[in-house]
Structure formats: C-alpha cells, structure tokens
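Visitor: Please see the structure below; I have some questions.
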Amino acid sequence: MNYINLKARAKINLTLDVVGQRDDGYHELKMIMQTVELYDRVYIKKIDKPYIKLKSNLEWLPLDSRNLAYKAADIIRTKYGISQGVFIELHKTIPVAAGLAGGSSDCAAVLYGMNILFGLKISRKELADIALKLGSDVPYCLMRGTALAEGRGEILTKLPECPNAWVVLAKPQMSLSTAAVYKALDDIDLDSHPNTELVIKAIEDKDILKVASNLSNVLENVSIPMCPMIGKLKKSMICNGALGTLMSGSGPTVYGLFDDRIKAQMAAETIKNEFKIRDVILTKIFNA
C-alpha cells in the first residue's frame, strides 16, 4: 500500500461542563461528544524523500509544523524510525477555528493512516497516548461516535449511538480564542451546569427530543458576550424549527438539531440569508 484516503469527520458537543481546574493548568471537563457526517478528505502517500509535504485547498492554512496533521506525521516518523517521507493533502470542508475539531480530526486521521500505511501495528491505547500529546480532542477524534469525555477530554467512555437527527451548523465570521474563553470562564461563578446523566439516559432511550431539550454548554456564558451573534443564531435556530440548539466547543459555531430534512434545509437557507454568513452547513448525526 502506497497511499490511503480517509474521511476526517467533524464533532459537536451535546453537553460541555467544566467541573474544576487541574494542576497542569488545563480545565477538568465532562462532556458528551458526537460525530457528524461533515468531513475533510485526508490523502496520505508515501514518498521517497525523507520529509513531510503538506498541501491544502485553503491557501492561507499553515502547511508546516504549526499544522496538527503535519505534527502527527512528524511524531509517527520520529517515534517509529520511518525513513520514508509522506505527502499529505487536506481537502478542508469543516470550517476552521469553529469548535468542530476539524484540525484535531485531520490529526487523528493522519495518526490512523500512518499506522495503516506503514504497517506499524500501533495499539489503540498507544495511539491514543500519542494523540493526547497533540491535542485534547484528538483521542476522541480517533474513537468517533457518541462518547462521554472527561479529564482534559482523554478519558473516553463509549456511549450508545445517538438517535438520528439532521444538524444545521452556522459559524459566525468572528473567531474565538479557546484560551481566552476558558480564561474568561475562570472569572465568573457558574450557577447552572449540564445534566449530563439525563442526556446519557435520553441517548440510551433513543429520545432525540429529550436530547435536544437538554443540550448545554457552560462556555456559552462567556462566549455569547464575546460574540453576540452566537445568541442570535441560537434564537433563529429555534424560530426555524430546531428541536434544540447549542454552541459547539468553545465556539463560535452554533448548531440546531432537526427531525426533518426539509425543515432543516429551509432553516439553513433562512439563516444564511438572514445573517449573511458563509458557513451554514446541513449535515446529520454520524454513528457508523
């Protein structure tokens, strides 16, 4: 095998709770993560020259060691003594810096792909340990599906499949710094938290209405004041028929869950026209 094609899928948060601060400076998290069908294409090919060559359809995307996909290839080549180089092409469709784990998912795809391409037979546990060194969301992006994530996000518990739903994603033009969002959260007292166990029970019961009714993300407390468009998008999602709506990750992307494709399509078109934003995407829950 000389090359491999992979799909690096986006994620959304069904819940996101911050339950404490850690000695290592990270926040202690408890959140339910869910993969959606939206994906980047990741093509990896062996090359004879001993370096990593990265290409993307986005001209402004860093193509050196600032890119997580590059870092993933570099750490695998170094750790396992691979003399050959790799050419990696990223065809991005997941919005960048959006709270959808696009970069982390690309990174996970490269870890998985390098393992297969070079026949390294790295165990799932070892690959997850490498993934965590590259980013808190990367271990989940290796697992995918429906999962409870704790710690920094690396302690993963597989959950039953989330009930099917259409998902409308809307990303404001403004980007938010994850570090700034978490820093702002440290300065406020949280008076409510997600009912994570209730959402897990709703998933187990295949009750999409109860899942949608209990979506919750504590980071909205600081992200909405930083980017008021988030709040406006959430209201518009509900007005256009969403069963529930939430900001994903640290934002700024807002999503709505819908039980009908036509309703979701109409909502996406309305929101795109109303807010004049480029990144409004119709997708769906991905469980396979």
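For the structure tokens, the naming scheme is as follows: chains receive sequential letters (A, B, ...) according to their order of presentation, residues are indexed from 1 within each chain, and ligands are indexed from 1 in presentation order.
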What's the 12 Å shell around Asn5 (chain A), counting only C-alpha atoms, without same-chain residues fewer than 6 positions away, as a PDB file with all heavy atoms, in the first residue's frame?

Guide:
```pdb
ATOM      1  N   ASP A  40     -13.565  16.404   6.359  1.00  0.00           N
ATOM      2  CA  ASP A  40     -12.441  16.769   5.495  1.00  0.00           C
ATOM      3  C   ASP A  40     -11.930  15.495   4.841  1.00  0.00           C
ATOM      4  O   ASP A  40     -12.005  14.410   5.435  1.00  0.00           O
ATOM      5  CB  ASP A  40     -11.285  17.383   6.301  1.00  0.00           C
ATOM      6  CG  ASP A  40     -11.606  18.730   6.904  1.00  0.00           C
ATOM      7  OD1 ASP A  40     -12.561  19.381   6.440  1.00  0.00           O
ATOM      8  OD2 ASP A  40     -10.894  19.127   7.857  1.00  0.00           O
ATOM      9  N   ARG A  41     -11.392  15.610   3.625  1.00  0.00           N
ATOM     10  CA  ARG A  41     -10.724  14.479   2.987  1.00  0.00           C
ATOM     11  C   ARG A  41      -9.222  14.560   3.282  1.00  0.00           C
ATOM     12  O   ARG A  41      -8.608  15.621   3.120  1.00  0.00           O
ATOM     13  CB  ARG A  41     -10.956  14.485   1.474  1.00  0.00           C
ATOM     14  CG  ARG A  41     -12.385  14.138   1.083  1.00  0.00           C
ATOM     15  CD  ARG A  41     -12.495  13.876  -0.410  1.00  0.00           C
ATOM     16  NE  ARG A  41     -13.849  13.490  -0.781  1.00  0.00           N
ATOM     17  CZ  ARG A  41     -14.323  12.252  -0.701  1.00  0.00           C
ATOM     18  NH1 ARG A  41     -13.533  11.281  -0.264  1.00  0.00           N
ATOM     19  NH2 ARG A  41     -15.564  11.977  -1.062  1.00  0.00           N
ATOM     20  N   VAL A  42      -8.664  13.444   3.708  1.00  0.00           N
ATOM     21  CA  VAL A  42      -7.237  13.382   4.032  1.00  0.00           C
ATOM     22  C   VAL A  42      -6.594  12.284   3.175  1.00  0.00           C
ATOM     23  O   VAL A  42      -6.954  11.109   3.285  1.00  0.00           O
ATOM     24  CB  VAL A  42      -7.015  13.079   5.532  1.00  0.00           C
ATOM     25  CG1 VAL A  42      -5.525  13.018   5.842  1.00  0.00           C
ATOM     26  CG2 VAL A  42      -7.699  14.132   6.405  1.00  0.00           C
ATOM     27  N   TYR A  43      -5.660  12.703   2.317  1.00  0.00           N
ATOM     28  CA  TYR A  43      -4.945  11.785   1.418  1.00  0.00           C
ATOM     29  C   TYR A  43      -3.493  11.729   1.879  1.00  0.00           C
ATOM     30  O   TYR A  43      -2.837  12.769   2.035  1.00  0.00           O
ATOM     31  CB  TYR A  43      -5.038  12.297  -0.014  1.00  0.00           C
ATOM     32  CG  TYR A  43      -4.165  11.582  -1.022  1.00  0.00           C
ATOM     33  CD1 TYR A  43      -4.523  10.346  -1.549  1.00  0.00           C
ATOM     34  CD2 TYR A  43      -2.974  12.172  -1.481  1.00  0.00           C
ATOM     35  CE1 TYR A  43      -3.723   9.702  -2.490  1.00  0.00           C
ATOM     36  CE2 TYR A  43      -2.173  11.541  -2.412  1.00  0.00           C
ATOM     37  CZ  TYR A  43      -2.552  10.304  -2.920  1.00  0.00           C
ATOM     38  OH  TYR A  43      -1.765   9.663  -3.847  1.00  0.00           O
ATOM     39  N   ILE A  44      -2.998  10.523   2.136  1.00  0.00           N
ATOM     40  CA  ILE A  44      -1.614  10.339   2.595  1.00  0.00           C
ATOM     41  C   ILE A  44      -0.910   9.381   1.640  1.00  0.00           C
ATOM     42  O   ILE A  44      -1.417   8.293   1.354  1.00  0.00           O
ATOM     43  CB  ILE A  44      -1.560   9.756   4.023  1.00  0.00           C
ATOM     44  CG1 ILE A  44      -2.492  10.516   4.971  1.00  0.00           C
ATOM     45  CG2 ILE A  44      -0.126   9.783   4.559  1.00  0.00           C
ATOM     46  CD1 ILE A  44      -2.699   9.837   6.314  1.00  0.00           C
ATOM     47  N   LYS A  45       0.256   9.789   1.144  1.00  0.00           N
ATOM     48  CA  LYS A  45       1.013   8.967   0.202  1.00  0.00           C
ATOM     49  C   LYS A  45       2.473   8.890   0.632  1.00  0.00           C
ATOM     50  O   LYS A  45       3.079   9.881   1.038  1.00  0.00           O
ATOM     51  CB  LYS A  45       0.918   9.575  -1.204  1.00  0.00           C
ATOM     52  CG  LYS A  45       1.647   8.781  -2.277  1.00  0.00           C
ATOM     53  CD  LYS A  45       1.546   9.469  -3.638  1.00  0.00           C
ATOM     54  CE  LYS A  45       2.296   8.698  -4.707  1.00  0.00           C
ATOM     55  NZ  LYS A  45       2.230   9.389  -6.024  1.00  0.00           N
ATOM     56  N   PHE A  87       3.518  12.582   1.656  1.00  0.00           N
ATOM     57  CA  PHE A  87       2.789  13.705   1.078  1.00  0.00           C
ATOM     58  C   PHE A  87       1.362  13.620   1.621  1.00  0.00           C
ATOM     59  O   PHE A  87       0.717  12.567   1.522  1.00  0.00           O
ATOM     60  CB  PHE A  87       2.784  13.627  -0.443  1.00  0.00           C
ATOM     61  CG  PHE A  87       1.824  14.587  -1.100  1.00  0.00           C
ATOM     62  CD1 PHE A  87       2.097  15.942  -1.135  1.00  0.00           C
ATOM     63  CD2 PHE A  87       0.639  14.134  -1.661  1.00  0.00           C
ATOM     64  CE1 PHE A  87       1.206  16.835  -1.726  1.00  0.00           C
ATOM     65  CE2 PHE A  87      -0.258  15.011  -2.255  1.00  0.00           C
ATOM     66  CZ  PHE A  87       0.034  16.363  -2.288  1.00  0.00           C
ATOM     67  N   ILE A  88       0.896  14.712   2.219  1.00  0.00           N
ATOM     68  CA  ILE A  88      -0.445  14.747   2.805  1.00  0.00           C
ATOM     69  C   ILE A  88      -1.233  15.877   2.155  1.00  0.00           C
ATOM     70  O   ILE A  88      -0.769  17.024   2.117  1.00  0.00           O
ATOM     71  CB  ILE A  88      -0.396  14.973   4.328  1.00  0.00           C
ATOM     72  CG1 ILE A  88       0.419  13.874   5.011  1.00  0.00           C
ATOM     73  CG2 ILE A  88      -1.814  15.042   4.913  1.00  0.00           C
ATOM     74  CD1 ILE A  88       0.727  14.157   6.469  1.00  0.00           C
ATOM     75  N   GLU A  89      -2.398  15.544   1.642  1.00  0.00           N
ATOM     76  CA  GLU A  89      -3.281  16.565   1.080  1.00  0.00           C
ATOM     77  C   GLU A  89      -4.554  16.629   1.911  1.00  0.00           C
ATOM     78  O   GLU A  89      -5.238  15.627   2.126  1.00  0.00           O
ATOM     79  CB  GLU A  89      -3.621  16.259  -0.373  1.00  0.00           C
ATOM     80  CG  GLU A  89      -4.441  17.374  -1.018  1.00  0.00           C
ATOM     81  CD  GLU A  89      -4.561  17.244  -2.522  1.00  0.00           C
ATOM     82  OE1 GLU A  89      -4.066  16.236  -3.070  1.00  0.00           O
ATOM     83  OE2 GLU A  89      -5.152  18.135  -3.148  1.00  0.00           O
ATOM     84  N   LEU A  90      -4.858  17.838   2.394  1.00  0.00           N
ATOM     85  CA  LEU A  90      -6.071  18.086   3.174  1.00  0.00           C
ATOM     86  C   LEU A  90      -7.065  18.852   2.324  1.00  0.00           C
ATOM     87  O   LEU A  90      -6.767  19.966   1.875  1.00  0.00           O
ATOM     88  CB  LEU A  90      -5.756  18.918   4.426  1.00  0.00           C
ATOM     89  CG  LEU A  90      -4.668  18.394   5.378  1.00  0.00           C
ATOM     90  CD1 LEU A  90      -4.466  19.389   6.512  1.00  0.00           C
ATOM     91  CD2 LEU A  90      -5.040  17.019   5.930  1.00  0.00           C
ATOM     92  N   HIS A  91      -8.211  18.256   2.086  1.00  0.00           N
ATOM     93  CA  HIS A  91      -9.281  18.994   1.408  1.00  0.00           C
ATOM     94  C   HIS A  91     -10.285  19.380   2.483  1.00  0.00           C
ATOM     95  O   HIS A  91     -11.076  18.562   2.953  1.00  0.00           O
ATOM     96  CB  HIS A  91      -9.944  18.169   0.312  1.00  0.00           C
ATOM     97  CG  HIS A  91     -10.876  18.987  -0.530  1.00  0.00           C
ATOM     98  ND1 HIS A  91     -12.186  19.209  -0.182  1.00  0.00           N
ATOM     99  CD2 HIS A  91     -10.678  19.673  -1.692  1.00  0.00           C
ATOM    100  CE1 HIS A  91     -12.770  19.984  -1.079  1.00  0.00           C
ATOM    101  NE2 HIS A  91     -11.867  20.278  -2.004  1.00  0.00           N
ATOM    102  N   ASP A 106      -8.375  15.953  11.476  1.00  0.00           N
ATOM    103  CA  ASP A 106      -7.337  15.744  10.463  1.00  0.00           C
ATOM    104  C   ASP A 106      -6.115  15.068  11.095  1.00  0.00           C
ATOM    105  O   ASP A 106      -5.523  14.151  10.518  1.00  0.00           O
ATOM    106  CB  ASP A 106      -6.898  17.079   9.850  1.00  0.00           C
ATOM    107  CG  ASP A 106      -7.999  17.763   9.060  1.00  0.00           C
ATOM    108  OD1 ASP A 106      -9.008  17.110   8.724  1.00  0.00           O
ATOM    109  OD2 ASP A 106      -7.847  18.973   8.784  1.00  0.00           O
ATOM    110  N   ALA A 109      -6.805  11.465  11.784  1.00  0.00           N
ATOM    111  CA  ALA A 109      -6.796  10.707  10.533  1.00  0.00           C
ATOM    112  C   ALA A 109      -5.371  10.394  10.093  1.00  0.00           C
ATOM    113  O   ALA A 109      -5.085   9.284   9.602  1.00  0.00           O
ATOM    114  CB  ALA A 109      -7.521  11.489   9.435  1.00  0.00           C
ATOM    115  N   VAL A 110      -4.455  11.343  10.279  1.00  0.00           N
ATOM    116  CA  VAL A 110      -3.056  11.099   9.899  1.00  0.00           C
ATOM    117  C   VAL A 110      -2.429  10.044  10.816  1.00  0.00           C
ATOM    118  O   VAL A 110      -1.707   9.152  10.347  1.00  0.00           O
ATOM    119  CB  VAL A 110      -2.246  12.408   9.917  1.00  0.00           C
ATOM    120  CG1 VAL A 110      -0.750  12.127   9.739  1.00  0.00           C
ATOM    121  CG2 VAL A 110      -2.731  13.353   8.820  1.00  0.00           C
ATOM    122  N   TYR A 112      -3.986   7.591  12.373  1.00  0.00           N
ATOM    123  CA  TYR A 112      -4.586   6.324  11.950  1.00  0.00           C
ATOM    124  C   TYR A 112      -4.020   5.876  10.603  1.00  0.00           C
ATOM    125  O   TYR A 112      -3.645   4.714  10.423  1.00  0.00           O
ATOM    126  CB  TYR A 112      -6.103   6.498  11.866  1.00  0.00           C
ATOM    127  CG  TYR A 112      -6.830   5.286  11.318  1.00  0.00           C
ATOM    128  CD1 TYR A 112      -7.179   4.231  12.147  1.00  0.00           C
ATOM    129  CD2 TYR A 112      -7.159   5.209   9.962  1.00  0.00           C
ATOM    130  CE1 TYR A 112      -7.835   3.114  11.636  1.00  0.00           C
ATOM    131  CE2 TYR A 112      -7.813   4.096   9.452  1.00  0.00           C
ATOM    132  CZ  TYR A 112      -8.154   3.057  10.293  1.00  0.00           C
ATOM    133  OH  TYR A 112      -8.797   1.959   9.778  1.00  0.00           O
ATOM    134  N   GLY A 113      -3.938   6.822   9.664  1.00  0.00           N
ATOM    135  CA  GLY A 113      -3.477   6.497   8.322  1.00  0.00           C
ATOM    136  C   GLY A 113      -2.026   6.076   8.269  1.00  0.00           C
ATOM    137  O   GLY A 113      -1.666   5.124   7.553  1.00  0.00           O
ATOM    138  N   MET A 114      -1.171   6.754   9.023  1.00  0.00           N
ATOM    139  CA  MET A 114       0.251   6.380   9.062  1.00  0.00           C
ATOM    140  C   MET A 114       0.423   4.987   9.658  1.00  0.00           C
ATOM    141  O   MET A 114       1.267   4.192   9.204  1.00  0.00           O
ATOM    142  CB  MET A 114       1.039   7.400   9.892  1.00  0.00           C
ATOM    143  CG  MET A 114       1.106   8.799   9.295  1.00  0.00           C
ATOM    144  SD  MET A 114       2.376   8.990   8.032  1.00  0.00           S
ATOM    145  CE  MET A 114       3.877   9.011   9.006  1.00  0.00           C
ATOM    146  N   ILE A 116      -1.674   2.501   9.472  1.00  0.00           N
ATOM    147  CA  ILE A 116      -2.075   1.520   8.446  1.00  0.00           C
ATOM    148  C   ILE A 116      -1.071   1.488   7.302  1.00  0.00           C
ATOM    149  O   ILE A 116      -0.618   0.418   6.865  1.00  0.00           O
ATOM    150  CB  ILE A 116      -3.475   1.864   7.901  1.00  0.00           C
ATOM    151  CG1 ILE A 116      -4.535   1.817   9.014  1.00  0.00           C
ATOM    152  CG2 ILE A 116      -3.853   0.935   6.742  1.00  0.00           C
ATOM    153  CD1 ILE A 116      -4.738   0.470   9.631  1.00  0.00           C
ATOM    154  N   LEU A 117      -0.704   2.667   6.814  1.00  0.00           N
ATOM    155  CA  LEU A 117       0.119   2.778   5.611  1.00  0.00           C
ATOM    156  C   LEU A 117       1.490   2.129   5.787  1.00  0.00           C
ATOM    157  O   LEU A 117       2.005   1.476   4.867  1.00  0.00           O
ATOM    158  CB  LEU A 117       0.276   4.267   5.245  1.00  0.00           C
ATOM    159  CG  LEU A 117       0.749   4.638   3.849  1.00  0.00           C
ATOM    160  CD1 LEU A 117      -0.181   4.076   2.782  1.00  0.00           C
ATOM    161  CD2 LEU A 117       0.830   6.164   3.717  1.00  0.00           C
TER     162      LEU A 117
END
```

Visitor: Dump as a Markdown table the rows for residues of region 59-107 of chain A within 12 Å of region 123-138 of chain A: closest atom pair and distance in Å with one decimal, only C-alpha atoms counted, ordered by chain and rising residue number.

Guide:
```
| residue | atom | partner | partner_atom | distance |
| --- | --- | --- | --- | --- |
| A:Ser65 | CA | A:Leu134 | CA | 11.6 |
| A:Arg66 | CA | A:Leu134 | CA | 11.2 |
| A:Asn67 | CA | A:Leu134 | CA | 10.4 |
| A:Leu68 | CA | A:Leu134 | CA | 7.1 |
| A:Ala69 | CA | A:Leu134 | CA | 9.5 |
| A:Tyr70 | CA | A:Leu134 | CA | 10.6 |
| A:Lys71 | CA | A:Leu134 | CA | 7.5 |
| A:Ala72 | CA | A:Leu134 | CA | 7.3 |
| A:Ala73 | CA | A:Leu134 | CA | 11.0 |
| A:Asp74 | CA | A:Leu134 | CA | 11.1 |
| A:Ile75 | CA | A:Ile130 | CA | 8.2 |
| A:Ile76 | CA | A:Ile130 | CA | 8.7 |
| A:Lys79 | CA | A:Ile130 | CA | 9.8 |
| A:Tyr80 | CA | A:Ile130 | CA | 11.9 |
| A:Gly99 | CA | A:Asp137 | CA | 10.4 |
| A:Leu100 | CA | A:Asp137 | CA | 9.8 |
| A:Ala101 | CA | A:Asp137 | CA | 6.8 |
| A:Gly102 | CA | A:Asp137 | CA | 9.8 |
| A:Gly103 | CA | A:Val138 | CA | 8.7 |
| A:Ser104 | CA | A:Val138 | CA | 5.0 |
| A:Ser105 | CA | A:Val138 | CA | 6.5 |
| A:Asp106 | CA | A:Val138 | CA | 8.9 |
| A:Cys107 | CA | A:Val138 | CA | 6.9 |
```

Visitor: With C-alpha atoms retained, write the just-selected residues as a CSV table (one decimal), in the first residue's frame.

Guide:
```
chain,number,residue,atom,x,y,z
A,65,SER,CA,4.8,22.3,11.9
A,66,ARG,CA,2.0,24.7,13.0
A,67,ASN,CA,-0.5,22.3,11.4
A,68,LEU,CA,-1.7,19.3,13.6
A,69,ALA,CA,-1.7,17.0,10.6
A,70,TYR,CA,2.0,17.8,10.0
A,71,LYS,CA,2.8,17.3,13.7
A,72,ALA,CA,1.0,13.9,13.6
A,73,ALA,CA,3.1,12.7,10.7
A,74,ASP,CA,6.3,14.0,12.2
A,75,ILE,CA,5.8,12.4,15.6
A,76,ILE,CA,5.0,9.0,14.0
A,79,LYS,CA,8.9,7.7,17.1
A,80,TYR,CA,8.9,4.7,14.8
A,99,GLY,CA,-15.4,24.5,17.7
A,100,LEU,CA,-15.9,21.5,15.4
A,101,ALA,CA,-12.5,19.8,15.9
A,102,GLY,CA,-11.6,20.0,12.2
A,103,GLY,CA,-7.8,20.2,12.9
A,104,SER,CA,-8.0,17.6,15.6
A,105,SER,CA,-9.9,15.2,13.3
A,106,ASP,CA,-7.3,15.7,10.5
A,107,CYS,CA,-4.6,15.0,13.0
```

Visitor: Tell me which protein, DNA and RNA residues are within 10 Å of Val222 (chain A), counting only C-alpha atoms, leaving out same-chain ones fewer than 2 positions away, and put them as a short mmCIF file (atom, residue, chain, number, x, y, z; two decimals) with N, CA, C and O atoms, in the first residue's frame.

Guide:
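Result file selection-v6.cif:
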```cif
data_model
loop_
_atom_site.label_atom_id
_atom_site.label_comp_id
_atom_site.auth_asym_id
_atom_site.auth_seq_id
_atom_site.Cartn_x
_atom_site.Cartn_y
_atom_site.Cartn_z
N ALA A 180 -8.79 32.24 25.56
CA ALA A 180 -9.47 33.42 26.09
C ALA A 180 -10.84 33.06 26.67
O ALA A 180 -11.26 33.60 27.70
N VAL A 181 -11.53 32.13 26.02
CA VAL A 181 -12.85 31.71 26.51
C VAL A 181 -12.71 31.04 27.87
O VAL A 181 -13.45 31.37 28.82
N TYR A 182 -11.77 30.12 28.01
CA TYR A 182 -11.60 29.44 29.29
C TYR A 182 -11.10 30.39 30.37
O TYR A 182 -11.49 30.27 31.55
N LYS A 183 -10.25 31.34 30.01
CA LYS A 183 -9.77 32.33 30.98
C LYS A 183 -10.93 33.17 31.50
O LYS A 183 -11.04 33.45 32.69
N ALA A 184 -11.81 33.59 30.58
CA ALA A 184 -12.97 34.39 30.98
C ALA A 184 -13.89 33.59 31.89
O ALA A 184 -14.50 34.13 32.82
N LEU A 185 -14.01 32.29 31.64
CA LEU A 185 -14.86 31.45 32.47
C LEU A 185 -14.36 31.40 33.92
O LEU A 185 -15.16 31.31 34.86
N ASP A 186 -13.03 31.46 34.09
CA ASP A 186 -12.46 31.42 35.44
C ASP A 186 -12.87 32.62 36.28
O ASP A 186 -12.80 32.58 37.51
N ASP A 187 -13.31 33.69 35.63
CA ASP A 187 -13.64 34.94 36.33
C ASP A 187 -15.11 35.05 36.70
O ASP A 187 -15.54 36.07 37.25
N ILE A 188 -15.91 34.02 36.41
CA ILE A 188 -17.33 34.08 36.74
C ILE A 188 -17.73 32.87 37.59
O ILE A 188 -17.03 31.85 37.60
N VAL A 218 -21.49 25.19 29.22
CA VAL A 218 -21.22 26.29 30.15
C VAL A 218 -20.38 27.40 29.52
O VAL A 218 -20.41 28.55 30.00
N LEU A 219 -19.66 27.10 28.45
CA LEU A 219 -18.83 28.13 27.82
C LEU A 219 -19.66 29.21 27.14
O LEU A 219 -19.14 30.31 26.88
N GLU A 220 -20.92 28.93 26.88
CA GLU A 220 -21.79 29.97 26.31
C GLU A 220 -21.88 31.18 27.23
O GLU A 220 -22.13 32.30 26.76
N ILE A 224 -20.97 34.00 24.44
CA ILE A 224 -22.05 34.85 23.88
C ILE A 224 -21.76 36.34 24.12
O ILE A 224 -21.91 37.14 23.18
N PRO A 225 -21.31 36.77 25.33
CA PRO A 225 -20.92 38.18 25.47
C PRO A 225 -19.78 38.59 24.55
O PRO A 225 -19.73 39.72 24.07
N MET A 226 -18.85 37.66 24.28
CA MET A 226 -17.74 37.97 23.37
C MET A 226 -18.21 38.05 21.93
O MET A 226 -17.67 38.82 21.13
N CYS A 227 -19.20 37.23 21.58
CA CYS A 227 -19.70 37.16 20.20
C CYS A 227 -21.23 37.05 20.25
O CYS A 227 -21.78 35.94 20.22
N SER A 250 -15.76 25.58 22.21
CA SER A 250 -15.60 26.96 22.67
C SER A 250 -16.10 27.96 21.64
O SER A 250 -15.86 29.15 21.75
#
```

Visitor: Tell me, as a ChimeraX atom specification, which residues lie within 8 Å of region 8-19 of chain A, counting only C-alpha atoms; anything in the same chain fewer than 2 positions away does not count.

Guide: /A:6,21,27-42,94,99-102,105-106,108-109,141,193-194,196,211,215-219,246-249

Visitor: Assign secondary structure with DSSP using the backbone only, and return the residues of region 96-211 of chain A in alpha helix (DSSP H) as a PyMOL selection string.

Guide: chain A and resi 102-117+124-134+138-143+178-186+196-204+208-211

Visitor: Applying 7 Å and only C-alpha atoms, which residues near Ala242 (chain A) remain after dropping the ones on its own chain fewer than 6 positions away? List them as a ChimeraX atom specification.

Guide: /A:256-258

Visitor: Please identify the strand (DSSP E or B) residues within region 86-256 of chain A (assignment by DSSP from backbone atoms) and present them as a ChimeraX atom specification.

Guide: /A:86-91,146-151,155-158,166-171,216-217,244-247,254-256

Visitor: Using only C-alpha atoms for the distances, tell me which of A:Thr253, A:Asn273, A:Gln84, A:Thr78 is nearest to Ala170 (chain A).

Guide: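 Of A:Thr253, A:Asn273, A:Gln84, A:Thr78, the one nearest Ala170 (chain A), counting only C-alpha atoms, is A:Thr253.
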
Visitor: With distances taken over only C-alpha atoms, which residue among A:Lys263, A:Lys53, A:Lys201, A:Lys210 lies nearest Cys239 (chain A)?

Guide: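 Answer, going by the shortest atom-to-atom distance: A:Lys263.
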